[in-house]
There are 2 protein chains.
Amino acid sequence: MTTRTAAQRREQARAEHLRRMALCPTLRMLDRMGDKWVGLVLRELASGPLRSGELSRALAGASQKMLTQTLRGLERDGLLSRSVTGSVPVRVEYRLTPLGRSLLPVIEAVTDWAERHVVELDRARKRYDRTIEARDAGDRGVVQ
Amino acid sequence: MTTRTAAQRREQARAEHLRRMALCPTLRMLDRMGDKWVGLVLRELASGPLRSGELSRALAGASQKMLTQTLRGLERDGLLSRSVTGSVPVRVEYRLTPLGRSLLPVIEAVTDWAERHVVELDRARKRYDRTIEARDAGDRGVVQ
DNA sequence: CAGCATCCAGTTGGATACTG
DNA sequence: CAGTATCCAACTGGATGCTG
């Protein structure tokens with residue numbers, strides 16, 4: 001007689017798996033880079049340091065809160081540095097650290113792939129959606 | 001006299017920006033790859049086709065719903081294909097398409113970077129957290 | 001075996017208002 | 001100018017139960 005039910009074993013495997021995942025460097029980075037504004041912030045800072053205001057103008061779509069949150073996250077990971085100079089008015093500048101700059105080629109790899117294949121992606125998507133639609137219509141005996 | 005207020009102009013810039021973003025191939029891909037299970041699914045399928053059950057055992061941490069959702073998303077983008085053979089019991093197999101395989105080097109670029117720099121990331125994070133803690137303690141005149 | 005539907009908690013992200 | 005605090009809507013992801 002086993003001391004644990006199948007459900008318990010599954011549960012444990014699941015917990016274990018999740019713990020592993022949280023530690024996996026690759027998944028951590030994919031997660032970070034998937035954050036809505038990270039890609040854009042890195043792209044902006046790639047060409048040089050920027051002040052807070054310049055960033056928020058460049059990323060007109062981001063709310064002030066999200067911008068700060070994103071910047072803090074990247075700073076925490078050591079990808080960019082934040083330096084304050086003067087006071088009244090305060091002047092804050094963000095710049096990529098060497099670590100942050102070392103990430104740029106990776107982003108570029110994504111960009112290259114994406115731009116080369118965006119047409120295929122769109123085509124696949126349309127094809128898939130048409131197929132689904134057709135199937136659903138067929139299910140109901142509809143001709144449309 | 002302008003016909004729009006500053007708020008309206010900001011609002012418009014924001015809308016424009018968001019529309020652009022949704023179309024940017026790079027951001028689309030970063031978003032996709034940031035999906036919780038996409039990285040793992042691609043990693044599993046990199047070494048060859050797998051059946052549904054095999055995948056869910058390999059990704060013990062994922063709920064059945066998320067697994068399906070992830071697979072459908074990737075299929076929609078044309079990154080993997082789903083083939084059904086037999087019936088009672090049904091046998092479903094997932095495999096990367098050529099397009100999907102072409103993405104592997106990109107994932108690998110992320111993996112390489114992440115594994116090379118994970119130590120630095122952790123160090124930066126600890127340093128940052130310590131700094132914040134110290135500052136907060138100082139603010140309250142606490143010695144801890 | 002593979003997958004869909006439903007319901008629900010937790011998280012993410014945005015609007016607004018305020019501070020040094 | 002730069003940033004914090006709060007409140008809230010929308011989305012993400014998970015648990016459960018059911019179908020061909």
# chains A, B, ... in the order shown; residues from 1 in each chain; ligands from 1
>>> residues_around(residues="DT16 of chain C", least_positions_apart="5", cutoff="12 Å", atoms="only C-alpha atoms (C1' of nucleotides)", output="list in words")
Ser63, Gln64 and Lys65 of chain A; DA5, DT6, DC7 and DC8 of chain D
>>> closest_atom_pairs(of="chain D", to="chain B", cutoff="12 Å", atoms="only C-alpha atoms (C1' of nucleotides)", output="tab-separated table")
residue	atom	partner	partner_atom	distance
D:DT12	C1'	B:Asp35	CA	9.8
D:DG13	C1'	B:Met66	CA	7.1
D:DG14	C1'	B:Ser63	CA	6.6
D:DA15	C1'	B:Ser63	CA	8.9
D:DT16	C1'	B:Lys65	CA	11.3
D:DG20	C1'	B:Val88	CA	9.1
>>> write_last_selection(atoms="N, CA and C atoms (P, O5', C5', C4', C3', O3' and C1' of nucleotides)", output="PDB file, in the first residue's frame")
ATOM      1  P    DT D  12      -4.736  38.236 -21.038  1.00  0.00           P
ATOM      2  O5'  DT D  12      -4.096  37.430 -19.811  1.00  0.00           O
ATOM      3  C5'  DT D  12      -3.288  38.103 -18.862  1.00  0.00           C
ATOM      4  C4'  DT D  12      -2.878  37.115 -17.784  1.00  0.00           C
ATOM      5  C3'  DT D  12      -2.671  35.699 -18.292  1.00  0.00           C
ATOM      6  O3'  DT D  12      -1.434  35.233 -17.774  1.00  0.00           O
ATOM      7  C1'  DT D  12      -4.272  35.719 -16.528  1.00  0.00           C
ATOM      8  P    DG D  13      -0.844  33.829 -18.265  1.00  0.00           P
ATOM      9  O5'  DG D  13      -1.369  32.854 -17.120  1.00  0.00           O
ATOM     10  C5'  DG D  13      -1.068  33.147 -15.771  1.00  0.00           C
ATOM     11  C4'  DG D  13      -1.913  32.288 -14.862  1.00  0.00           C
ATOM     12  C3'  DG D  13      -1.879  30.787 -15.191  1.00  0.00           C
ATOM     13  O3'  DG D  13      -1.600  30.120 -13.992  1.00  0.00           O
ATOM     14  C1'  DG D  13      -4.092  31.513 -14.900  1.00  0.00           C
ATOM     15  P    DG D  14      -1.258  28.548 -13.983  1.00  0.00           P
ATOM     16  O5'  DG D  14      -2.339  27.939 -12.984  1.00  0.00           O
ATOM     17  C5'  DG D  14      -2.440  28.486 -11.671  1.00  0.00           C
ATOM     18  C4'  DG D  14      -3.712  27.996 -11.025  1.00  0.00           C
ATOM     19  C3'  DG D  14      -3.929  26.478 -11.113  1.00  0.00           C
ATOM     20  O3'  DG D  14      -4.372  26.016  -9.850  1.00  0.00           O
ATOM     21  C1'  DG D  14      -5.827  27.610 -11.938  1.00  0.00           C
ATOM     22  P    DA D  15      -4.519  24.420  -9.632  1.00  0.00           P
ATOM     23  O5'  DA D  15      -6.076  24.259  -9.309  1.00  0.00           O
ATOM     24  C5'  DA D  15      -6.727  25.174  -8.443  1.00  0.00           C
ATOM     25  C4'  DA D  15      -8.162  24.715  -8.204  1.00  0.00           C
ATOM     26  C3'  DA D  15      -8.353  23.195  -8.179  1.00  0.00           C
ATOM     27  O3'  DA D  15      -9.352  22.867  -7.206  1.00  0.00           O
ATOM     28  C1'  DA D  15      -9.559  24.124  -9.994  1.00  0.00           C
ATOM     29  P    DT D  16      -9.756  21.299  -7.047  1.00  0.00           P
ATOM     30  O5'  DT D  16     -11.059  21.177  -7.969  1.00  0.00           O
ATOM     31  C5'  DT D  16     -12.084  22.165  -7.881  1.00  0.00           C
ATOM     32  C4'  DT D  16     -13.178  21.847  -8.889  1.00  0.00           C
ATOM     33  C3'  DT D  16     -13.464  20.348  -9.042  1.00  0.00           C
ATOM     34  O3'  DT D  16     -14.847  20.116  -8.802  1.00  0.00           O
ATOM     35  C1'  DT D  16     -13.247  21.403 -11.158  1.00  0.00           C
ATOM     36  P    DG D  20     -20.924  14.646 -26.311  1.00  0.00           P
ATOM     37  O5'  DG D  20     -19.719  14.113 -27.202  1.00  0.00           O
ATOM     38  C5'  DG D  20     -19.059  14.991 -28.110  1.00  0.00           C
ATOM     39  C4'  DG D  20     -17.905  14.231 -28.764  1.00  0.00           C
ATOM     40  C3'  DG D  20     -18.319  12.906 -29.383  1.00  0.00           C
ATOM     41  O3'  DG D  20     -17.515  12.671 -30.538  1.00  0.00           O
ATOM     42  C1'  DG D  20     -16.727  12.504 -27.702  1.00  0.00           C
TER      43       DG D  20
END
>>> closest_atom_pairs(of="segment 31-61 of chain A", to="segment 105-119 of chain B", cutoff="12 Å", atoms="only C-alpha atoms", output="Markdown table")
| residue | atom | partner | partner_atom | distance |
| --- | --- | --- | --- | --- |
| A:Asp31 | CA | B:Val110 | CA | 11.2 |
| A:Arg32 | CA | B:Ala114 | CA | 11.3 |
| A:Met33 | CA | B:Val110 | CA | 9.9 |
>>> select_by_dssp(residues="segment 23-88 of chain A", states="helix (DSSP H, G or I)", output="PyMOL selection string")
chain A and resi 23+25-34+38-46+52-58+64-76
>>> atom_distance(atom1="atom CA of Leu23 of chain B", atom2="atom CA of Glu11 of chain B")
18.9 Å
>>> closest_atom_pairs(of="chain B", to="chain C", cutoff="8 Å", atoms="only C-alpha atoms (C1' of nucleotides)", output="JSON lines")
{"residue": "B:Ser52", "atom": "CA", "partner": "C:DA2", "partner_atom": "C1'", "distance": 7.1}
{"residue": "B:Gly53", "atom": "CA", "partner": "C:DC1", "partner_atom": "C1'", "distance": 7.8}
{"residue": "B:Thr68", "atom": "CA", "partner": "C:DG3", "partner_atom": "C1'", "distance": 7.8}
{"residue": "B:Val88", "atom": "CA", "partner": "C:DC1", "partner_atom": "C1'", "distance": 7.8}
{"residue": "B:Pro89", "atom": "CA", "partner": "C:DC1", "partner_atom": "C1'", "distance": 5.5}
{"residue": "B:Val90", "atom": "CA", "partner": "C:DC1", "partner_atom": "C1'", "distance": 5.8}
{"residue": "B:Arg91", "atom": "CA", "partner": "C:DC1", "partner_atom": "C1'", "distance": 7.0}
{"residue": "B:Val92", "atom": "CA", "partner": "C:DA2", "partner_atom": "C1'", "distance": 7.4}
>>> write_last_selection(atoms="N, CA and C atoms", output="JSON list (two decimals), in the first residue's frame")
[["chain", "number", "residue", "atom", "x", "y", "z"],
["B", 52, "SER", "N", 0.12, 14.63, -26.54],
["B", 52, "SER", "CA", -0.50, 15.50, -25.54],
["B", 52, "SER", "C", -0.14, 15.05, -24.12],
["B", 53, "GLY", "N", -0.34, 13.79, -23.87],
["B", 53, "GLY", "CA", -0.08, 13.26, -22.53],
["B", 53, "GLY", "C", 1.37, 13.40, -22.13],
["B", 68, "THR", "N", -3.31, 23.50, -23.04],
["B", 68, "THR", "CA", -4.08, 23.61, -24.27],
["B", 68, "THR", "C", -4.02, 25.02, -24.82],
["B", 88, "VAL", "N", -10.61, 6.69, -30.56],
["B", 88, "VAL", "CA", -10.92, 5.72, -29.51],
["B", 88, "VAL", "C", -9.77, 4.74, -29.32],
["B", 89, "PRO", "N", -8.71, 5.10, -28.67],
["B", 89, "PRO", "CA", -8.52, 6.45, -28.16],
["B", 89, "PRO", "C", -7.91, 7.36, -29.22],
["B", 90, "VAL", "N", -8.16, 8.64, -29.08],
["B", 90, "VAL", "CA", -7.57, 9.60, -30.00],
["B", 90, "VAL", "C", -6.07, 9.72, -29.68],
["B", 91, "ARG", "N", -5.30, 9.99, -30.72],
["B", 91, "ARG", "CA", -3.87, 10.21, -30.50],
["B", 91, "ARG", "C", -3.50, 11.54, -31.13],
["B", 92, "VAL", "N", -3.09, 12.48, -30.31],
["B", 92, "VAL", "CA", -2.76, 13.82, -30.81],
["B", 92, "VAL", "C", -1.28, 14.07, -30.64]]
>>> closest_residue(among="B:Glu93, B:Glu16, B:Glu54, B:Glu133", to="chain A", atoms="only C-alpha atoms")
B:Glu16
>>> interface_residues(of="chain A", to="chain B", cutoff="7 Å", atoms="only C-alpha atoms", output="short mmCIF file (atom, residue, chain, number, x, y, z; two decimals) with C-alpha atoms, in the first residue's frame")
data_model
loop_
_atom_site.label_atom_id
_atom_site.label_comp_id
_atom_site.auth_asym_id
_atom_site.auth_seq_id
_atom_site.Cartn_x
_atom_site.Cartn_y
_atom_site.Cartn_z
CA ALA A 13 5.29 16.85 -8.82
CA ARG A 14 3.50 20.05 -9.67
CA ALA A 15 4.88 21.94 -6.68
CA HIS A 17 8.00 21.75 -11.03
CA LEU A 18 6.89 25.23 -10.12
CA PRO A 25 17.32 31.70 -15.51
CA THR A 26 15.87 31.44 -18.99
CA LEU A 27 12.29 31.53 -17.84
CA MET A 29 14.44 36.40 -18.38
CA LEU A 30 11.64 35.52 -20.77
CA ASP A 31 9.25 36.62 -18.10
CA MET A 33 11.40 40.64 -21.25
CA GLY A 34 7.73 39.86 -21.69
CA GLY A 39 11.35 45.95 -24.52
CA ALA A 60 3.86 58.08 -24.63
CA GLY A 61 1.72 54.98 -24.24
CA ARG A 76 16.89 45.91 -9.43
CA ASP A 77 18.19 43.37 -11.93
CA GLY A 78 21.22 45.55 -12.51
CA VAL A 106 19.67 39.16 -27.43
CA ALA A 109 18.04 38.48 -32.10
CA VAL A 110 14.36 38.60 -31.26
CA THR A 111 13.86 41.69 -33.38
CA ALA A 114 10.37 38.84 -35.66
CA GLU A 115 10.88 41.18 -38.58
CA VAL A 118 6.15 38.61 -39.19
CA LEU A 121 3.10 34.73 -38.57
CA ALA A 124 -0.49 31.46 -40.26
CA ARG A 125 -2.81 33.33 -37.98
CA TYR A 128 -5.81 29.24 -38.54
#
>>> select_by_dssp(residues="segment 32-137 of chain B", states="strand (DSSP E or B)", output="MDAnalysis selection string")
chainID B and resid 50:51 80:85 91:96
>>> atom_distance(atom1="atom CA of Thr97 of chain B", atom2="atom CA of Ser81 of chain B")
6.2 Å
>>> atom_distance(atom1="atom CA of Leu55 of chain A", atom2="atom CA of Val41 of chain A")
7.7 Å
